[in-house]
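*Asks:* Enclosed is the structure file upload.cif (mmCIF, C-alpha atoms).
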```
data_target
loop_
_atom_site.group_PDB
_atom_site.id
_atom_site.type_symbol
_atom_site.label_atom_id
_atom_site.label_comp_id
_atom_site.auth_asym_id
_atom_site.auth_seq_id
_atom_site.Cartn_x
_atom_site.Cartn_y
_atom_site.Cartn_z
ATOM 1 C CA MET D 630 104.679 -22.654 -41.965
ATOM 2 C CA LYS D 631 104.868 -19.071 -40.732
ATOM 3 C CA LEU D 632 103.617 -16.000 -42.580
ATOM 4 C CA THR D 633 105.659 -12.844 -42.896
ATOM 5 C CA ILE D 634 105.400 -9.672 -44.974
ATOM 6 C CA ARG D 635 107.648 -6.964 -46.387
ATOM 7 C CA GLU D 636 108.067 -4.021 -44.040
ATOM 8 C CA ALA D 637 106.993 -1.460 -46.660
ATOM 9 C CA MET D 638 103.645 -3.245 -46.941
ATOM 10 C CA VAL D 639 102.881 -2.812 -43.248
ATOM 11 C CA PRO D 640 100.881 0.310 -42.289
ATOM 12 C CA GLY D 641 101.795 2.375 -39.231
ATOM 13 C CA GLU D 642 103.962 5.399 -38.558
ATOM 14 C CA ALA D 643 106.010 3.909 -35.727
ATOM 15 C CA PHE D 644 107.609 0.468 -35.903
ATOM 16 C CA ALA D 645 105.688 -0.609 -32.792
ATOM 17 C CA ASP D 646 102.465 0.314 -34.596
ATOM 18 C CA GLN D 647 103.492 -1.832 -37.549
ATOM 19 C CA LEU D 648 104.119 -4.816 -35.291
ATOM 20 C CA ALA D 649 100.732 -4.268 -33.634
ATOM 21 C CA TRP D 650 99.059 -4.318 -37.067
ATOM 22 C CA LEU D 651 100.731 -7.651 -37.851
ATOM 23 C CA GLU D 652 99.173 -9.141 -34.740
ATOM 24 C CA THR D 653 95.688 -8.002 -35.804
ATOM 25 C CA MET D 654 96.269 -9.659 -39.200
ATOM 26 C CA GLU D 655 97.609 -12.873 -37.633
ATOM 27 C CA ILE D 656 100.857 -12.460 -39.565
ATOM 28 C CA ASP D 657 103.782 -13.971 -37.702
ATOM 29 C CA GLY D 658 106.719 -11.913 -38.906
ATOM 30 C CA ILE D 659 108.151 -8.990 -40.809
ATOM 31 C CA GLU D 660 110.891 -8.780 -43.426
ATOM 32 C CA LEU D 661 113.021 -5.778 -42.537
ATOM 33 C CA HIS D 662 114.272 -3.439 -45.225
ATOM 34 C CA ALA D 663 113.027 0.107 -44.531
ATOM 35 C CA GLY D 664 112.811 2.517 -41.598
ATOM 36 C CA SER D 665 113.299 -0.156 -38.954
ATOM 37 C CA LEU D 666 116.950 -0.480 -39.965
ATOM 38 C CA ASP D 667 117.551 3.167 -39.060
ATOM 39 C CA LEU D 668 116.316 2.674 -35.500
ATOM 40 C CA PRO D 669 118.799 2.387 -32.627
ATOM 41 C CA ARG D 670 119.523 -1.300 -31.989
ATOM 42 C CA GLU D 671 118.084 -1.200 -28.477
ATOM 43 C CA GLU D 672 114.826 0.353 -29.695
ATOM 44 C CA LEU D 673 114.494 -2.266 -32.435
ATOM 45 C CA HIS D 674 115.126 -5.123 -30.009
ATOM 46 C CA ASN D 675 112.659 -3.707 -27.479
ATOM 47 C CA ALA D 676 109.943 -3.429 -30.127
ATOM 48 C CA PHE D 677 110.177 -7.166 -30.784
ATOM 49 C CA VAL D 678 110.251 -7.973 -27.058
ATOM 50 C CA SER D 679 106.851 -6.300 -26.751
ATOM 51 C CA SER D 680 105.340 -8.128 -29.741
ATOM 52 C CA THR D 681 104.526 -11.663 -30.834
ATOM 53 C CA ALA D 682 105.825 -10.829 -34.333
ATOM 54 C CA ARG D 683 109.383 -11.795 -35.249
ATOM 55 C CA ALA D 684 111.951 -10.678 -37.787
ATOM 56 C CA SER D 685 111.913 -13.217 -40.611
ATOM 57 C CA ALA D 686 114.753 -11.825 -42.721
ATOM 58 C CA ILE D 687 116.612 -8.633 -43.566
ATOM 59 C CA GLU D 688 117.144 -7.275 -47.052
ATOM 60 C CA GLY D 689 120.752 -6.920 -48.169
ATOM 61 C CA ILE D 690 122.272 -4.071 -50.165
ATOM 62 C CA PRO D 691 121.724 -4.582 -53.940
ATOM 63 C CA GLN D 692 125.037 -2.939 -54.851
ATOM 64 C CA LEU D 693 127.481 -5.825 -54.492
ATOM 65 C CA LEU D 694 128.169 -5.714 -58.238
ATOM 66 C CA ASN D 695 128.267 -1.965 -58.680
ATOM 67 C CA ALA D 696 130.996 -0.785 -61.070
ATOM 68 C CA ASP D 697 132.296 1.640 -58.427
ATOM 69 C CA PRO D 698 134.609 -0.170 -55.932
ATOM 70 C CA ALA D 699 133.736 2.282 -53.162
ATOM 71 C CA ILE D 700 130.025 1.526 -53.532
ATOM 72 C CA ARG D 701 130.760 -2.210 -53.581
ATOM 73 C CA ASP D 702 132.857 -1.970 -50.438
ATOM 74 C CA ASP D 703 130.099 -0.041 -48.675
ATOM 75 C CA ALA D 704 127.544 -2.658 -49.747
ATOM 76 C CA VAL D 705 129.716 -5.426 -48.300
ATOM 77 C CA ARG D 706 130.160 -3.502 -45.056
ATOM 78 C CA ARG D 707 126.440 -2.801 -44.664
ATOM 79 C CA THR D 708 125.458 -6.360 -45.601
ATOM 80 C CA ARG D 709 127.895 -7.651 -42.989
ATOM 81 C CA GLU D 710 126.225 -5.417 -40.377
ATOM 82 C CA ARG D 711 122.818 -6.758 -41.385
ATOM 83 C CA LEU D 712 124.011 -10.349 -41.085
ATOM 84 C CA THR D 713 125.047 -9.628 -37.516
ATOM 85 C CA LEU D 714 121.694 -7.979 -36.822
ATOM 86 C CA ALA D 715 119.852 -10.950 -38.330
ATOM 87 C CA GLY D 716 121.626 -13.213 -35.883
ATOM 88 C CA GLU D 717 120.713 -10.955 -32.962
ATOM 89 C CA LEU D 718 117.037 -10.951 -33.972
ATOM 90 C CA GLY D 719 116.795 -14.665 -34.742
ATOM 91 C CA ALA D 720 116.011 -14.063 -38.417
ATOM 92 C CA VAL D 721 116.763 -16.582 -41.167
ATOM 93 C CA GLY D 722 119.380 -14.263 -42.599
ATOM 94 C CA VAL D 723 119.978 -11.612 -45.228
ATOM 95 C CA LEU D 724 118.301 -11.687 -48.629
ATOM 96 C CA VAL D 725 120.575 -10.751 -51.521
ATOM 97 C CA VAL D 726 119.441 -9.524 -54.942
ATOM 98 C CA PRO D 727 122.705 -9.704 -56.939
ATOM 99 C CA GLN D 728 121.694 -7.135 -59.546
ATOM 100 C CA PHE D 729 118.738 -5.457 -61.220
ATOM 101 C CA GLY D 730 118.567 -4.879 -64.945
ATOM 102 C CA ARG D 731 119.308 -6.801 -68.114
ATOM 103 C CA THR D 732 122.799 -5.543 -68.912
ATOM 104 C CA ALA D 733 126.071 -5.828 -67.011
ATOM 105 C CA ALA D 734 127.357 -2.869 -65.027
ATOM 106 C CA LEU D 735 130.945 -4.068 -65.464
ATOM 107 C CA HIS D 736 132.809 -3.511 -68.735
ATOM 108 C CA ASP D 737 132.838 -6.242 -71.360
ATOM 109 C CA LEU D 738 136.403 -7.573 -71.594
ATOM 110 C CA SER D 739 135.817 -10.025 -74.437
ATOM 111 C CA PRO D 740 137.398 -12.201 -75.637
ATOM 112 C CA TRP D 741 138.720 -12.753 -72.119
ATOM 113 C CA LYS D 742 135.425 -12.413 -70.233
ATOM 114 C CA THR D 743 132.079 -10.746 -70.831
ATOM 115 C CA GLY D 744 130.634 -8.269 -68.356
ATOM 116 C CA ALA D 745 128.127 -10.898 -67.245
ATOM 117 C CA GLU D 746 130.880 -13.460 -66.620
ATOM 118 C CA LEU D 747 132.851 -10.915 -64.621
ATOM 119 C CA GLU D 748 129.798 -10.075 -62.523
ATOM 120 C CA ARG D 749 129.111 -13.720 -61.753
ATOM 121 C CA GLU D 750 132.695 -14.261 -60.592
ATOM 122 C CA LEU D 751 132.602 -11.060 -58.576
ATOM 123 C CA LEU D 752 129.375 -12.214 -56.929
ATOM 124 C CA LEU D 753 131.047 -15.473 -55.880
ATOM 125 C CA CYS D 754 133.932 -13.451 -54.447
ATOM 126 C CA GLN D 755 131.592 -11.179 -52.499
ATOM 127 C CA LEU D 756 129.570 -14.107 -51.152
ATOM 128 C CA GLY D 757 132.783 -15.778 -50.050
ATOM 129 C CA GLU D 758 133.827 -12.616 -48.241
ATOM 130 C CA LEU D 759 130.492 -12.368 -46.418
ATOM 131 C CA ALA D 760 130.010 -16.058 -45.627
ATOM 132 C CA PRO D 761 132.170 -16.081 -42.457
ATOM 133 C CA THR D 762 130.027 -13.375 -40.865
ATOM 134 C CA ALA D 763 126.880 -15.313 -41.732
ATOM 135 C CA ARG D 764 128.394 -18.444 -40.239
ATOM 136 C CA GLU D 765 129.459 -16.666 -37.054
ATOM 137 C CA SER D 766 125.928 -15.229 -36.701
ATOM 138 C CA SER D 767 124.257 -18.609 -37.422
ATOM 139 C CA VAL D 768 122.251 -17.144 -40.296
ATOM 140 C CA HIS D 769 122.034 -17.559 -44.058
ATOM 141 C CA LEU D 770 123.078 -15.269 -46.865
ATOM 142 C CA PHE D 771 120.556 -16.211 -49.528
ATOM 143 C CA LEU D 772 119.969 -15.226 -53.148
ATOM 144 C CA GLU D 773 116.615 -14.208 -54.583
ATOM 145 C CA PRO D 774 116.130 -15.374 -58.192
ATOM 146 C CA LEU D 775 114.283 -12.744 -60.247
ATOM 147 C CA ASN D 776 112.584 -13.251 -63.601
ATOM 148 C CA ARG D 777 114.381 -12.479 -66.873
ATOM 149 C CA TYR D 778 112.664 -9.100 -67.246
ATOM 150 C CA GLU D 779 114.210 -7.831 -64.004
ATOM 151 C CA ALA D 780 117.648 -9.474 -63.858
ATOM 152 C CA TYR D 781 119.886 -11.973 -65.641
ATOM 153 C CA ILE D 782 122.443 -13.569 -63.303
ATOM 154 C CA VAL D 783 119.992 -15.539 -61.139
ATOM 155 C CA ASN D 784 116.598 -16.150 -62.766
ATOM 156 C CA ARG D 785 115.771 -19.670 -61.608
ATOM 157 C CA VAL D 786 116.024 -21.440 -58.283
ATOM 158 C CA GLU D 787 118.510 -23.936 -59.707
ATOM 159 C CA GLN D 788 120.832 -21.046 -60.634
ATOM 160 C CA GLY D 789 120.669 -19.717 -57.093
ATOM 161 C CA ALA D 790 121.417 -23.202 -55.769
ATOM 162 C CA GLU D 791 124.335 -23.603 -58.186
ATOM 163 C CA ILE D 792 125.920 -20.338 -57.032
ATOM 164 C CA ALA D 793 125.372 -21.366 -53.413
ATOM 165 C CA ARG D 794 127.233 -24.618 -54.099
ATOM 166 C CA GLU D 795 130.070 -22.819 -55.879
ATOM 167 C CA ALA D 796 130.332 -20.387 -52.962
ATOM 168 C CA GLY D 797 130.853 -23.339 -50.614
ATOM 169 C CA GLY D 798 127.288 -24.152 -49.589
ATOM 170 C CA ALA D 799 125.883 -23.196 -46.188
ATOM 171 C CA PRO D 800 125.579 -20.488 -45.041
ATOM 172 C CA VAL D 801 125.122 -19.304 -48.654
ATOM 173 C CA ALA D 802 121.725 -20.430 -49.931
ATOM 174 C CA THR D 803 118.821 -19.443 -52.163
ATOM 175 C CA MET D 804 115.089 -18.874 -51.920
ATOM 176 C CA ALA D 805 111.949 -19.593 -53.926
ATOM 177 C CA ASP D 806 109.630 -16.791 -55.074
ATOM 178 C CA PHE D 807 106.363 -18.071 -56.521
ATOM 179 C CA PHE D 808 105.788 -14.976 -58.681
ATOM 180 C CA HIS D 809 109.167 -15.247 -60.410
ATOM 181 C CA MET D 810 108.966 -19.048 -60.552
ATOM 182 C CA ASN D 811 105.616 -18.774 -62.323
ATOM 183 C CA ILE D 812 107.480 -16.996 -65.141
ATOM 184 C CA GLU D 813 110.783 -18.878 -65.174
ATOM 185 C CA GLU D 814 110.236 -22.451 -64.004
ATOM 186 C CA ALA D 815 108.792 -25.172 -66.199
ATOM 187 C CA ASP D 816 107.539 -26.961 -63.075
ATOM 188 C CA ILE D 817 107.502 -25.135 -59.743
ATOM 189 C CA ALA D 818 107.227 -28.284 -57.649
ATOM 190 C CA ALA D 819 110.040 -30.030 -59.550
ATOM 191 C CA SER D 820 112.301 -26.984 -59.142
ATOM 192 C CA ILE D 821 111.707 -26.998 -55.391
ATOM 193 C CA HIS D 822 112.556 -30.691 -55.165
ATOM 194 C CA GLU D 823 115.716 -30.291 -57.268
ATOM 195 C CA SER D 824 117.114 -27.492 -55.087
ATOM 196 C CA ALA D 825 115.673 -28.713 -51.788
ATOM 197 C CA SER D 826 118.848 -28.528 -49.718
ATOM 198 C CA HIS D 827 119.502 -24.894 -50.646
ATOM 199 C CA ILE D 828 116.051 -23.304 -50.161
ATOM 200 C CA VAL D 829 115.802 -21.404 -46.872
ATOM 201 C CA TYR D 830 113.088 -18.813 -47.555
ATOM 202 C CA VAL D 831 109.980 -18.322 -49.711
ATOM 203 C CA HIS D 832 108.099 -15.362 -51.196
ATOM 204 C CA VAL D 833 104.492 -15.540 -52.372
ATOM 205 C CA ALA D 834 102.530 -13.344 -54.772
ATOM 206 C CA ASP D 835 99.969 -14.330 -57.373
ATOM 207 C CA SER D 836 100.480 -14.562 -61.134
ATOM 208 C CA ASN D 837 99.569 -10.887 -61.630
ATOM 209 C CA ARG D 838 101.746 -9.692 -58.729
ATOM 210 C CA LEU D 839 98.637 -9.055 -56.627
ATOM 211 C CA GLN D 840 97.998 -10.656 -53.262
ATOM 212 C CA PRO D 841 97.673 -14.463 -53.280
ATOM 213 C CA GLY D 842 94.188 -15.502 -54.337
ATOM 214 C CA GLN D 843 93.749 -12.703 -56.869
ATOM 215 C CA GLY D 844 95.389 -14.364 -59.873
ATOM 216 C CA HIS D 845 95.487 -17.781 -61.530
ATOM 217 C CA LEU D 846 98.533 -19.306 -59.803
ATOM 218 C CA ASP D 847 97.898 -22.701 -58.241
ATOM 219 C CA PHE D 848 99.962 -22.672 -55.040
ATOM 220 C CA ARG D 849 99.145 -26.208 -53.922
ATOM 221 C CA PRO D 850 101.721 -28.171 -55.980
ATOM 222 C CA GLY D 851 104.501 -25.855 -54.823
ATOM 223 C CA PHE D 852 103.303 -25.950 -51.235
ATOM 224 C CA ALA D 853 103.130 -29.745 -51.392
ATOM 225 C CA ALA D 854 106.708 -29.807 -52.683
ATOM 226 C CA LEU D 855 107.826 -27.571 -49.813
ATOM 227 C CA LYS D 856 106.187 -29.963 -47.379
ATOM 228 C CA ASP D 857 107.876 -32.912 -49.127
ATOM 229 C CA ILE D 858 111.330 -31.403 -48.604
ATOM 230 C CA GLY D 859 110.569 -30.657 -44.970
ATOM 231 C CA TYR D 860 110.300 -26.885 -45.328
ATOM 232 C CA ASP D 861 108.460 -25.396 -42.364
ATOM 233 C CA GLY D 862 109.849 -21.861 -42.509
ATOM 234 C CA TRP D 863 108.575 -18.488 -43.650
ATOM 235 C CA LEU D 864 106.173 -17.662 -46.461
ATOM 236 C CA GLY D 865 106.780 -13.993 -47.187
ATOM 237 C CA ILE D 866 103.999 -11.919 -48.727
ATOM 238 C CA GLU D 867 105.527 -9.570 -51.315
ATOM 239 C CA CYS D 868 102.989 -8.108 -53.711
ATOM 240 C CA ARG D 869 100.730 -5.282 -54.766
ATOM 241 C CA VAL D 870 97.342 -5.216 -53.058
ATOM 242 C CA SER D 871 93.969 -4.541 -54.638
ATOM 243 C CA GLY D 872 90.805 -3.646 -52.737
ATOM 244 C CA ASP D 873 90.387 -2.372 -49.185
ATOM 245 C CA TYR D 874 93.809 -2.959 -47.673
ATOM 246 C CA ASP D 875 92.990 -4.614 -44.347
ATOM 247 C CA THR D 876 90.171 -6.697 -45.806
ATOM 248 C CA SER D 877 92.348 -7.815 -48.711
ATOM 249 C CA MET D 878 95.233 -8.766 -46.450
ATOM 250 C CA ARG D 879 93.000 -10.769 -44.119
ATOM 251 C CA GLU D 880 91.630 -12.631 -47.134
ATOM 252 C CA ALA D 881 95.151 -13.278 -48.452
ATOM 253 C CA VAL D 882 96.304 -14.610 -45.083
ATOM 254 C CA ALA D 883 93.290 -16.916 -44.867
ATOM 255 C CA PHE D 884 93.834 -18.038 -48.466
ATOM 256 C CA LEU D 885 97.493 -18.924 -47.882
ATOM 257 C CA ARG D 886 96.787 -20.866 -44.703
ATOM 258 C CA ARG D 887 93.954 -22.725 -46.434
ATOM 259 C CA GLU D 888 96.083 -23.595 -49.482
ATOM 260 C CA TRP D 889 98.978 -24.711 -47.295
ATOM 261 C CA ASP D 890 96.738 -26.987 -45.242
ATOM 262 C CA ALA D 891 95.165 -28.409 -48.396
ATOM 263 C CA ALA D 892 98.467 -29.032 -50.195
#
```
Please express what this file holds, its structure, as structure tokens.

*Replies:*
Amino acid sequence: MKLTIREAMVPGEAFADQLAWLETMEIDGIELHAGSLDLPREELHNAFVSSTARASAIEGIPQLLNADPAIRDDAVRRTRERLTLAGELGAVGVLVVPQFGRTAALHDLSPWKTGAELERELLLCQLGELAPTARESSVHLFLEPLNRYEAYIVNRVEQGAEIAREAGGAPVATMADFFHMNIEEADIAASIHESASHIVYVHVADSNRLQPGQGHLDFRPGFAALKDIGYDGWLGIECRVSGDYDTSMREAVAFLRREWDAA
């Protein structure tokens, strides 16, 4: 198991400073999605050469289902670029949030198809278009299931796995996010076992969206399930943080390593 964290959660003005902070926290990686992606490629590569931290994943563009074709095309183009970059950096791949919100952006064409049905089919089309680049770069294009209050196409891990299968399987995959699973899954461990072959990445936050250890979520059954399926990849910290920032993050890192070892 390796720990990583969202870029926006990492303090430091320069990217090199952010990577240095990760080393002081004993966090192994960083999930890229902010200012780092605006850096010249050579500067970004050199920053990692000088650090023990690694790129765990890169966030995709959450506009693949936008109603405007020009915006969709741009999202596909930029996601393709990020897949290539993920391969260059040795990251797992690009994380895709299909859509935010509880209503479809596309028009309802009932009785032929609803807006939601159209969006799901469009998503499969977009994933199919991007899959060759992911394959060429030896990375994954993976879906993040979000809870029902934030999205509606992919809420549960099994739904992400089903779409991955329909899109042709690897390199399309899904991930497990303990915060969203705590809301949507009847049994976190069972959900991990059921979708084992499609899970390539993990996010962790506690039940109240604070740092792990500050809520009532029991991580051990889910961690044990991840061990059972042979998962030894990234655990990505994605949360709000209460208390003194550095102290709280050190405690969260220690908590996660302790719970993983005990699972």

*Asks:* Calculate how many Å separate atom CA of D:Asp873 from atom CA of D:Leu839, rounding to one decimal.

*Replies:*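 Interatomic distance here is 13.0 Å.
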
*Asks:* What does the PyMOL selection byres ((chain D and resi 697-705) around 12) select in this file, as number ranges by chain?

*Replies:* D: 688-696, 706-712, 723, 725-728, 734-736, 748, 751-752, 754-760, 762, 770

*Asks:* Within 9 Å of D:Ser766, counting all atoms listed in the file, which residues qualify if same-chain residues fewer than 5 places away don't, as number ranges by chain?

*Replies:* D: 712-717, 722, 761

*Asks:* Go ahead and dump the residues you just picked, C-alpha atoms, as a CSV table (one decimal), keeping the file's coordinate frame.

*Replies:*
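Output file part-v5.csv is given in full below:
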```
chain,number,residue,atom,x,y,z
D,712,LEU,CA,124.0,-10.3,-41.1
D,713,THR,CA,125.0,-9.6,-37.5
D,714,LEU,CA,121.7,-8.0,-36.8
D,715,ALA,CA,119.9,-11.0,-38.3
D,716,GLY,CA,121.6,-13.2,-35.9
D,717,GLU,CA,120.7,-11.0,-33.0
D,722,GLY,CA,119.4,-14.3,-42.6
D,761,PRO,CA,132.2,-16.1,-42.5
```

*Asks:* Selected by the PyMOL selection byres ((chain D and resi 817-825) around 12) in the shown coordinates: which residues, as a CSV table (one decimal) with C-alpha atoms, keeping the file's coordinate frame?

*Replies:*
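In the end it all went to selection-v8.csv:
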```csv
chain,number,residue,atom,x,y,z
D,785,ARG,CA,115.8,-19.7,-61.6
D,786,VAL,CA,116.0,-21.4,-58.3
D,787,GLU,CA,118.5,-23.9,-59.7
D,788,GLN,CA,120.8,-21.0,-60.6
D,789,GLY,CA,120.7,-19.7,-57.1
D,790,ALA,CA,121.4,-23.2,-55.8
D,791,GLU,CA,124.3,-23.6,-58.2
D,792,ILE,CA,125.9,-20.3,-57.0
D,793,ALA,CA,125.4,-21.4,-53.4
D,794,ARG,CA,127.2,-24.6,-54.1
D,802,ALA,CA,121.7,-20.4,-49.9
D,803,THR,CA,118.8,-19.4,-52.2
D,804,MET,CA,115.1,-18.9,-51.9
D,805,ALA,CA,111.9,-19.6,-53.9
D,806,ASP,CA,109.6,-16.8,-55.1
D,807,PHE,CA,106.4,-18.1,-56.5
D,808,PHE,CA,105.8,-15.0,-58.7
D,809,HIS,CA,109.2,-15.2,-60.4
D,810,MET,CA,109.0,-19.0,-60.6
D,811,ASN,CA,105.6,-18.8,-62.3
D,812,ILE,CA,107.5,-17.0,-65.1
D,813,GLU,CA,110.8,-18.9,-65.2
D,814,GLU,CA,110.2,-22.5,-64.0
D,815,ALA,CA,108.8,-25.2,-66.2
D,816,ASP,CA,107.5,-27.0,-63.1
D,826,SER,CA,118.8,-28.5,-49.7
D,827,HIS,CA,119.5,-24.9,-50.6
D,828,ILE,CA,116.1,-23.3,-50.2
D,829,VAL,CA,115.8,-21.4,-46.9
D,830,TYR,CA,113.1,-18.8,-47.6
D,831,VAL,CA,110.0,-18.3,-49.7
D,846,LEU,CA,98.5,-19.3,-59.8
D,847,ASP,CA,97.9,-22.7,-58.2
D,848,PHE,CA,100.0,-22.7,-55.0
D,849,ARG,CA,99.1,-26.2,-53.9
D,850,PRO,CA,101.7,-28.2,-56.0
D,851,GLY,CA,104.5,-25.9,-54.8
D,852,PHE,CA,103.3,-26.0,-51.2
D,853,ALA,CA,103.1,-29.7,-51.4
D,854,ALA,CA,106.7,-29.8,-52.7
D,855,LEU,CA,107.8,-27.6,-49.8
D,856,LYS,CA,106.2,-30.0,-47.4
D,857,ASP,CA,107.9,-32.9,-49.1
D,858,ILE,CA,111.3,-31.4,-48.6
D,859,GLY,CA,110.6,-30.7,-45.0
D,860,TYR,CA,110.3,-26.9,-45.3
D,892,ALA,CA,98.5,-29.0,-50.2
```

*Asks:* To verify the selection step, state as a ChimeraX atom specification which residues the PyMOL selection byres ((chain D and resi 646) around 12) yields on this input.

*Replies:* /D:636,639-645,647-653,665,676-677,679-680,682

*Asks:* Any idea what the distance is between atom CA of D:Ile782 and atom CA of D:Gly730?

*Replies:* 9.7 Å

*Asks:* Distance cut-off 10 Å, centre (110.0, -9.9, -41.1) in file coordinates, counting only C-alpha atoms: which residues qualify? Return them as a PDB file with C-alpha atoms, keeping the file's coordinate frame.

*Replies:*
```pdb
ATOM      1  CA  LEU D 632     103.617 -16.000 -42.580  1.00  0.00           C
ATOM      2  CA  THR D 633     105.659 -12.844 -42.896  1.00  0.00           C
ATOM      3  CA  ILE D 634     105.400  -9.672 -44.974  1.00  0.00           C
ATOM      4  CA  ARG D 635     107.648  -6.964 -46.387  1.00  0.00           C
ATOM      5  CA  GLU D 636     108.067  -4.021 -44.040  1.00  0.00           C
ATOM      6  CA  LEU D 648     104.119  -4.816 -35.291  1.00  0.00           C
ATOM      7  CA  ILE D 656     100.857 -12.460 -39.565  1.00  0.00           C
ATOM      8  CA  ASP D 657     103.782 -13.971 -37.702  1.00  0.00           C
ATOM      9  CA  GLY D 658     106.719 -11.913 -38.906  1.00  0.00           C
ATOM     10  CA  ILE D 659     108.151  -8.990 -40.809  1.00  0.00           C
ATOM     11  CA  GLU D 660     110.891  -8.780 -43.426  1.00  0.00           C
ATOM     12  CA  LEU D 661     113.021  -5.778 -42.537  1.00  0.00           C
ATOM     13  CA  HIS D 662     114.272  -3.439 -45.225  1.00  0.00           C
ATOM     14  CA  ALA D 682     105.825 -10.829 -34.333  1.00  0.00           C
ATOM     15  CA  ARG D 683     109.383 -11.795 -35.249  1.00  0.00           C
ATOM     16  CA  ALA D 684     111.951 -10.678 -37.787  1.00  0.00           C
ATOM     17  CA  SER D 685     111.913 -13.217 -40.611  1.00  0.00           C
ATOM     18  CA  ALA D 686     114.753 -11.825 -42.721  1.00  0.00           C
ATOM     19  CA  ILE D 687     116.612  -8.633 -43.566  1.00  0.00           C
ATOM     20  CA  GLU D 688     117.144  -7.275 -47.052  1.00  0.00           C
ATOM     21  CA  ALA D 720     116.011 -14.063 -38.417  1.00  0.00           C
ATOM     22  CA  VAL D 721     116.763 -16.582 -41.167  1.00  0.00           C
ATOM     23  CA  TRP D 863     108.575 -18.488 -43.650  1.00  0.00           C
ATOM     24  CA  GLY D 865     106.780 -13.993 -47.187  1.00  0.00           C
ATOM     25  CA  ILE D 866     103.999 -11.919 -48.727  1.00  0.00           C
TER      26      ILE D 866
END
```

*Asks:* How far is it from atom CA of D:Ser767 to atom CA of D:Ala663, in Å with one decimal?

*Replies:*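 These two atoms are separated by 23.0 Å.
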
*Asks:* Of the candidates D:Ala881, D:Gln840, D:Ala799, D:Asp861, which shows the shortest atom-to-atom distance to D:His769, using only C-alpha atoms?

*Replies:*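 Of D:Ala881, D:Gln840, D:Ala799, D:Asp861, the one nearest D:His769 is D:Ala799, counting only C-alpha atoms.
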
*Asks:* Quick one: everything within 10 Å of D:Arg879, counting all atoms listed in the file, minus sequence neighbours fewer than 3 positions away in the same chain. Send it as a PyMOL selection string.

*Replies:* chain D and resi 653-656+874-876+882-884

*Asks:* For D:Gly664, which of D:Ala637, D:Leu724, D:Met878, D:Val678 is the closest residue, counting only C-alpha atoms?

*Replies:*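 Result for the nearest residue to D:Gly664: D:Ala637.
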